[in-house]
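entry07.pdb follows (PDB, C-alpha atoms):
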ATOM      1  CA  MET A   1      -0.677 -77.738  35.422
ATOM      2  CA  GLY A   2       0.342 -76.170  32.184
ATOM      3  CA  ALA A   3       4.104 -76.568  32.959
ATOM      4  CA  LYS A   4       6.220 -77.959  30.163
ATOM      5  CA  ALA A   5       7.927 -81.339  30.947
ATOM      6  CA  CYS A   6      11.723 -81.343  30.947
ATOM      7  CA  THR A   7      13.523 -84.121  29.059
ATOM      8  CA  PRO A   8      16.501 -85.947  30.631
ATOM      9  CA  ASP A   9      18.912 -84.413  28.144
ATOM     10  CA  GLN A  10      17.732 -80.914  28.979
ATOM     11  CA  GLY A  11      18.083 -81.643  32.685
ATOM     12  CA  TRP A  12      21.674 -82.835  32.390
ATOM     13  CA  GLU A  13      22.462 -79.836  30.234
ATOM     14  CA  GLY A  14      21.212 -77.529  32.987
ATOM     15  CA  VAL A  15      23.234 -79.311  35.655
ATOM     16  CA  THR A  16      26.342 -79.157  33.535
ATOM     17  CA  ILE A  17      25.972 -75.382  33.045
ATOM     18  CA  VAL A  18      25.530 -74.826  36.799
ATOM     19  CA  LEU A  19      28.651 -76.908  37.611
ATOM     20  CA  LEU A  20      30.701 -75.020  35.057
ATOM     21  CA  ALA A  21      29.512 -71.738  36.532
ATOM     22  CA  LEU A  22      30.490 -72.838  40.053
ATOM     23  CA  LEU A  23      33.943 -73.869  38.930
ATOM     24  CA  LEU A  24      34.574 -70.703  36.914
ATOM     25  CA  PHE A  25      32.832 -67.931  38.877
ATOM     26  CA  GLY A  26      32.450 -69.233  42.415
ATOM     27  CA  ALA A  27      30.088 -66.962  44.382
ATOM     28  CA  ASP A  28      28.982 -65.174  41.193
ATOM     29  CA  ALA A  29      27.781 -68.437  39.714
ATOM     30  CA  PRO A  30      24.013 -67.668  39.906
ATOM     31  CA  ARG A  31      24.440 -64.388  37.994
ATOM     32  CA  ALA A  32      26.725 -66.004  35.450
ATOM     33  CA  ALA A  33      24.272 -68.816  34.902
ATOM     34  CA  GLY A  34      21.523 -66.229  34.424
ATOM     35  CA  ARG A  35      23.600 -64.488  31.804
ATOM     36  CA  LEU A  36      24.174 -67.796  30.022
ATOM     37  CA  TYR A  37      20.452 -68.520  29.951
ATOM     38  CA  ALA A  38      19.420 -64.914  29.169
ATOM     39  CA  PRO A  39      18.316 -64.411  25.562
ATOM     40  CA  GLN A  40      20.735 -62.416  23.458
ATOM     41  CA  ALA A  41      19.523 -58.927  22.507
ATOM     42  CA  SER A  42      19.293 -58.225  18.856
ATOM     43  CA  SER A  43      22.316 -56.329  17.676
ATOM     44  CA  ALA A  44      20.604 -55.255  14.461
ATOM     45  CA  GLN A  45      19.666 -51.634  15.138
ATOM     46  CA  LYS A  46      18.854 -48.862  12.672
ATOM     47  CA  PRO A  47      21.695 -46.391  12.276
ATOM     48  CA  PRO A  48      20.887 -42.918  13.640
ATOM     49  CA  LEU A  49      19.783 -40.335  11.108
ATOM     50  CA  PRO A  50      22.272 -37.575  10.389
ATOM     51  CA  PRO A  51      21.407 -34.294  12.138
ATOM     52  CA  GLU A  52      19.639 -31.749   9.976
ATOM     53  CA  SER A  53      21.818 -28.746   9.267
ATOM     54  CA  LYS A  54      20.701 -25.204  10.065
ATOM     55  CA  SER A  55      20.966 -24.139   6.449
ATOM     56  CA  GLU A  56      18.585 -26.904   5.356
ATOM     57  CA  ARG A  57      16.089 -25.955   8.057
ATOM     58  CA  SER A  58      16.258 -22.289   7.163
ATOM     59  CA  GLN A  59      15.823 -23.109   3.471
ATOM     60  CA  GLU A  60      12.744 -25.203   4.237
ATOM     61  CA  GLU A  61      11.330 -22.393   6.341
ATOM     62  CA  LYS A  62      11.882 -19.800   3.604
ATOM     63  CA  GLU A  63      10.471 -21.775   0.697
ATOM     64  CA  PRO A  64       6.846 -22.036   1.879
ATOM     65  CA  LYS A  65       6.751 -18.323   2.697
ATOM     66  CA  SER A  66       8.163 -17.224  -0.648
ATOM     67  CA  ALA A  67       5.967 -19.666  -2.524
ATOM     68  CA  SER A  68       2.792 -18.511  -0.783
ATOM     69  CA  ARG A  69       3.523 -14.753  -1.144
ATOM     70  CA  ASP A  70       1.514 -13.112  -3.865
ATOM     71  CA  PRO A  71       3.146  -9.894  -5.168
ATOM     72  CA  LEU A  72      -0.252  -8.607  -6.288
ATOM     73  CA  ALA A  73      -1.532  -8.899  -2.719
ATOM     74  CA  ASP A  74       1.482  -7.176  -1.153
ATOM     75  CA  PRO A  75       0.045  -4.592   1.302
ATOM     76  CA  GLU A  76       2.988  -2.221   0.862
ATOM     77  CA  LYS A  77       2.668  -2.219  -2.931
ATOM     78  CA  GLU A  78      -1.081  -1.736  -2.664
ATOM     79  CA  LEU A  79      -0.602   1.324  -0.435
ATOM     80  CA  LEU A  80       1.913   2.827  -2.865
ATOM     81  CA  ASP A  81      -0.449   2.263  -5.790
ATOM     82  CA  ARG A  82      -3.311   3.916  -3.940
ATOM     83  CA  ALA A  83      -1.124   6.865  -2.991
ATOM     84  CA  ALA A  84      -0.075   7.310  -6.625
ATOM     85  CA  ILE A  85      -3.704   7.247  -7.757
ATOM     86  CA  GLU A  86      -4.762   9.806  -5.160
ATOM     87  CA  TYR A  87      -1.839  12.034  -6.131
ATOM     88  CA  ARG A  88      -2.817  11.978  -9.812
ATOM     89  CA  LYS A  89      -6.423  12.815  -8.919
ATOM     90  CA  ALA A  90      -5.335  15.731  -6.738
ATOM     91  CA  GLU A  91      -3.047  17.084  -9.472
ATOM     92  CA  HIS A  92      -5.849  16.869 -12.017
ATOM     93  CA  ARG A  93      -8.142  18.827  -9.686
ATOM     94  CA  ARG A  94      -5.441  21.488  -9.263
ATOM     95  CA  ALA A  95      -5.057  21.801 -13.034
ATOM     96  CA  LEU A  96      -8.817  22.063 -13.530
ATOM     97  CA  GLU A  97      -9.127  24.732 -10.832
ATOM     98  CA  ALA A  98      -6.215  26.665 -12.335
ATOM     99  CA  SER A  99      -7.835  26.598 -15.785
ATOM    100  CA  ALA A 100     -11.059  27.937 -14.270
ATOM    101  CA  GLN A 101      -9.108  30.785 -12.674
ATOM    102  CA  ILE A 102      -7.446  31.548 -16.013
ATOM    103  CA  LEU A 103     -10.802  31.713 -17.785
ATOM    104  CA  LYS A 104     -12.278  33.933 -15.090
ATOM    105  CA  ARG A 105      -9.411  36.435 -15.285
ATOM    106  CA  VAL A 106      -9.355  36.439 -19.087
ATOM    107  CA  GLN A 107     -13.051  37.338 -19.119
ATOM    108  CA  GLU A 108     -12.436  40.200 -16.685
ATOM    109  CA  LEU A 109      -9.454  41.358 -18.733
ATOM    110  CA  ASP A 110     -11.527  41.302 -21.910
ATOM    111  CA  GLU A 111     -14.192  43.510 -20.312
ATOM    112  CA  GLN A 112     -11.813  46.259 -19.218
ATOM    113  CA  TRP A 113      -9.230  46.092 -21.980
ATOM    114  CA  GLY A 114      -8.333  49.558 -23.278
ATOM    115  CA  ARG A 115      -9.476  51.458 -20.210
ATOM    116  CA  ARG A 116      -6.513  53.477 -19.136
ATOM    117  CA  GLN A 117      -7.773  53.794 -15.576
ATOM    118  CA  GLN A 118      -7.660  50.015 -15.306
ATOM    119  CA  LEU A 119      -4.160  49.470 -16.681
ATOM    120  CA  ARG A 120      -2.687  48.415 -13.345
ATOM    121  CA  ARG A 121      -5.511  45.957 -12.745
ATOM    122  CA  SER A 122      -5.066  44.570 -16.275
ATOM    123  CA  GLU A 123      -1.388  44.025 -15.620
ATOM    124  CA  GLU A 124      -2.198  42.193 -12.378
ATOM    125  CA  LEU A 125      -4.680  39.984 -14.225
ATOM    126  CA  LEU A 126      -2.101  39.096 -16.841
ATOM    127  CA  GLN A 127       0.427  38.179 -14.148
ATOM    128  CA  GLU A 128      -2.115  35.878 -12.484
ATOM    129  CA  ILE A 129      -3.092  34.338 -15.827
ATOM    130  CA  GLU A 130       0.551  33.544 -16.566
ATOM    131  CA  ARG A 131       1.068  32.074 -13.080
ATOM    132  CA  PHE A 132      -1.957  29.751 -13.336
ATOM    133  CA  ALA A 133      -1.008  28.731 -16.878
ATOM    134  CA  ARG A 134       2.475  27.784 -15.675
ATOM    135  CA  ARG A 135       0.880  25.609 -13.024
ATOM    136  CA  VAL A 136      -1.254  23.751 -15.549
ATOM    137  CA  ARG A 137       1.734  23.293 -17.841
ATOM    138  CA  SER A 138       3.866  21.915 -15.005
ATOM    139  CA  ILE A 139       1.156  19.478 -13.878
ATOM    140  CA  SER A 140       0.779  18.227 -17.441
ATOM    141  CA  GLY A 141       4.509  17.401 -17.480
ATOM    142  CA  ALA A 142       5.772  20.109 -19.836
ATOM    143  CA  SER A 143       7.976  23.168 -19.603
ATOM    144  CA  ASP A 144       8.756  25.794 -22.244
ATOM    145  CA  LEU A 145       7.595  24.456 -25.598
ATOM    146  CA  GLU A 146       8.215  25.507 -29.144
ATOM    147  CA  ALA A 147       5.459  27.864 -30.234
ATOM    148  CA  ARG A 148       2.955  26.403 -32.677
ATOM    149  CA  GLU A 149       2.130  29.855 -34.055
ATOM    150  CA  PRO A 150       3.838  33.222 -33.604
ATOM    151  CA  VAL A 151       2.234  35.690 -31.228
ATOM    152  CA  PRO A 152       0.184  38.308 -33.138
ATOM    153  CA  ASP A 153       1.635  41.802 -33.282
ATOM    154  CA  ASP A 154      -1.800  43.303 -32.702
ATOM    155  CA  PRO A 155      -2.700  43.296 -28.964
ATOM    156  CA  ALA A 156      -6.416  42.940 -29.767
ATOM    157  CA  ARG A 157      -5.774  39.794 -31.798
ATOM    158  CA  ALA A 158      -3.473  38.474 -29.075
ATOM    159  CA  LEU A 159      -6.216  39.024 -26.502
ATOM    160  CA  ALA A 160      -8.742  37.197 -28.725
ATOM    161  CA  ARG A 161      -6.398  34.212 -29.014
ATOM    162  CA  LEU A 162      -5.797  34.288 -25.266
ATOM    163  CA  ARG A 163      -9.527  34.082 -24.662
ATOM    164  CA  GLU A 164      -9.885  31.231 -27.178
ATOM    165  CA  SER A 165      -7.030  29.232 -25.637
ATOM    166  CA  ALA A 166      -8.354  29.743 -22.095
ATOM    167  CA  GLU A 167     -11.822  28.489 -23.070
ATOM    168  CA  ARG A 168     -10.387  25.497 -24.917
ATOM    169  CA  LEU A 169      -8.035  24.578 -22.070
ATOM    170  CA  HIS A 170     -10.775  24.606 -19.441
ATOM    171  CA  ALA A 171     -13.190  22.595 -21.614
ATOM    172  CA  LEU A 172     -10.471  20.049 -22.391
ATOM    173  CA  LEU A 173      -9.506  19.501 -18.754
ATOM    174  CA  LYS A 174     -13.166  18.965 -17.841
ATOM    175  CA  THR A 175     -13.419  16.065 -20.297
ATOM    176  CA  LEU A 176     -10.112  14.390 -19.381
ATOM    177  CA  THR A 177      -9.383  12.104 -16.445
ATOM    178  CA  ALA A 178      -6.430  12.025 -14.070
ATOM    179  CA  TYR A 179      -4.836   9.156 -16.030
ATOM    180  CA  VAL A 180      -4.659  10.905 -19.425
ATOM    181  CA  ILE A 181      -1.689  12.957 -20.584
ATOM    182  CA  SER A 182      -2.780  15.424 -23.242
ATOM    183  CA  VAL A 183      -0.369  17.134 -25.612
ATOM    184  CA  GLU A 184      -2.984  19.766 -26.348
ATOM    185  CA  VAL A 185      -3.165  20.703 -22.652
ATOM    186  CA  MET A 186       0.596  21.246 -22.713
ATOM    187  CA  GLU A 187       0.426  23.354 -25.870
ATOM    188  CA  ARG A 188      -2.586  25.427 -24.791
ATOM    189  CA  SER A 189      -1.167  26.247 -21.380
ATOM    190  CA  ASP A 190       2.194  27.136 -22.912
ATOM    191  CA  GLU A 191       0.484  29.405 -25.421
ATOM    192  CA  ILE A 192      -1.414  31.185 -22.644
ATOM    193  CA  VAL A 193       1.889  31.820 -20.860
ATOM    194  CA  ARG A 194       3.412  33.404 -23.963
ATOM    195  CA  LEU A 195       0.307  35.486 -24.812
ATOM    196  CA  ALA A 196      -0.053  36.826 -21.272
ATOM    197  CA  ARG A 197       3.632  37.706 -21.162
ATOM    198  CA  TYR A 198       3.423  39.474 -24.520
ATOM    199  CA  LEU A 199       0.364  41.523 -23.550
ATOM    200  CA  ARG A 200       1.906  42.553 -20.244
ATOM    201  CA  GLU A 201       5.137  43.685 -21.923
ATOM    202  CA  ARG A 202       3.145  45.526 -24.590
ATOM    203  CA  MET A 203       1.161  47.345 -21.903
ATOM    204  CA  ARG A 204       4.381  48.406 -20.191
ATOM    205  CA  SER A 205       5.891  49.669 -23.409
ATOM    206  CA  ASP A 206       2.747  51.635 -24.300
ATOM    207  CA  ARG A 207       2.743  53.157 -20.848
ATOM    208  CA  GLY A 208       6.382  54.115 -21.219
ATOM    209  CA  THR A 209       7.664  52.303 -18.123
TER     210      THR A 209
END

Turn this file's structure into structure tokens for me.
Amino acid sequence: MGAKACTPDQGWEGVTIVLLALLLFGADAPRAAGRLYAPQASSAQKPPLPPESKSERSQEEKEPKSASRDPLADPEKELLDRAAIEYRKAEHRRALEASAQILKRVQELDEQWGRRQQLRRSEELLQEIERFARRVRSISGASDLEAREPVPDDPARALARLRESAERLHALLKTLTAYVISVEVMERSDEIVRLARYLRERMRSDRGT
């Protein structure tokens, strides 16, 4: 039931194929007949894809990484920026502390100026004032500058200008931030260096040493 009826022509065709197989192949006739009846496999196959080169794979691997990398979010750059900021803040604190030390020593020098028994201490104060002023000048990014005004020949007037410059320098550094470069800070600190040097040399010459 359900089997398909075979027509006489199809029957004779089958017999003919079997006889031809017996005559041609002998004992291998059944296998030959099976090959004759077997459906032919489709020879239409897709050609194999060419192998992907290493350079293409490496290029594809690099592109997503470089495209997704944000230079603003680079951890190494962020660390360097933070270090630079902290350095500028520390340098500003050093300059502010140095200006406070200058002002403190100028006030002490002003109190004992002219006392011969305190000449050695006055000379030490002037040396320290010059050293701290050099520090502030170096932090501000300057070195020896051209003098805005000549140093007064009178030591008393030179001391008054030294006091004025020390007060102005300290007040100026208190108002500035670590990110501001001030030309006046450079000029004031340089002037303090020159005034302290002049007063110290004048004291030595008056003392005869």

For the interface of region 70-114 of chain A with region 173-196 of chain A (cut-off 9 Å, counting all atoms listed in the file), please tabulate each contacting residue of region 70-114 of chain A alongside its nearest pair of atoms and their separation in Å to one decimal, rows sorted by chain and increasing number, as a Markdown table.
| residue | atom | partner | partner_atom | distance |
| --- | --- | --- | --- | --- |
| A:Ile85 | CA | A:Ala178 | CA | 8.4 |
| A:Arg88 | CA | A:Ala178 | CA | 5.6 |
| A:Lys89 | CA | A:Ala178 | CA | 5.2 |
| A:Ala90 | CA | A:Ala178 | CA | 8.3 |
| A:Glu91 | CA | A:Ala178 | CA | 7.6 |
| A:His92 | CA | A:Ala178 | CA | 5.3 |
| A:Arg93 | CA | A:Ala178 | CA | 8.3 |
| A:Ala95 | CA | A:Leu173 | CA | 7.6 |
| A:Leu96 | CA | A:Leu173 | CA | 5.9 |
| A:Ser99 | CA | A:Leu173 | CA | 7.9 |
| A:Ile102 | CA | A:Ile192 | CA | 9.0 |

When the PyMOL selection byres ((chain A and resi 119) around 12) is applied to the file above, which residues end up in the set, as JSON, numbers by chain? {"A": [109, 112, 113, 114, 115, 116, 117, 118, 120, 121, 122, 123, 124, 125, 126, 199, 200, 202, 203, 204, 206, 207]}

Tell me, as a list of chain:residue names, which residues lie within 9 Å of Ile139 (chain A), counting all atoms listed in the file; anything in the same chain fewer than 2 positions away does not count. A:Glu91, A:His92, A:Arg94, A:Ala95, A:Arg134, A:Arg135, A:Val136, A:Arg137, A:Gly141, A:Ala142

CA of Asp153 (chain A) and CA of Gln107 (chain A) are how many Å apart?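 We find that CA of Asp153 (chain A) and CA of Gln107 (chain A) lie 20.9 Å from each other.
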
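Ranking A:Ala147, A:Ser205, A:Ile129, A:Leu79 by their shortest atom-to-atom distance to Leu162 (chain A), with all atoms listed in the file included, puts A:Ile129 first.
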
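Across the structure, CA of Ala133 (chain A) and CA of Leu103 (chain A) are spaced 10.3 Å apart.
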
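CA of Phe132 (chain A) lies 12.5 Å from CA of Arg197 (chain A).
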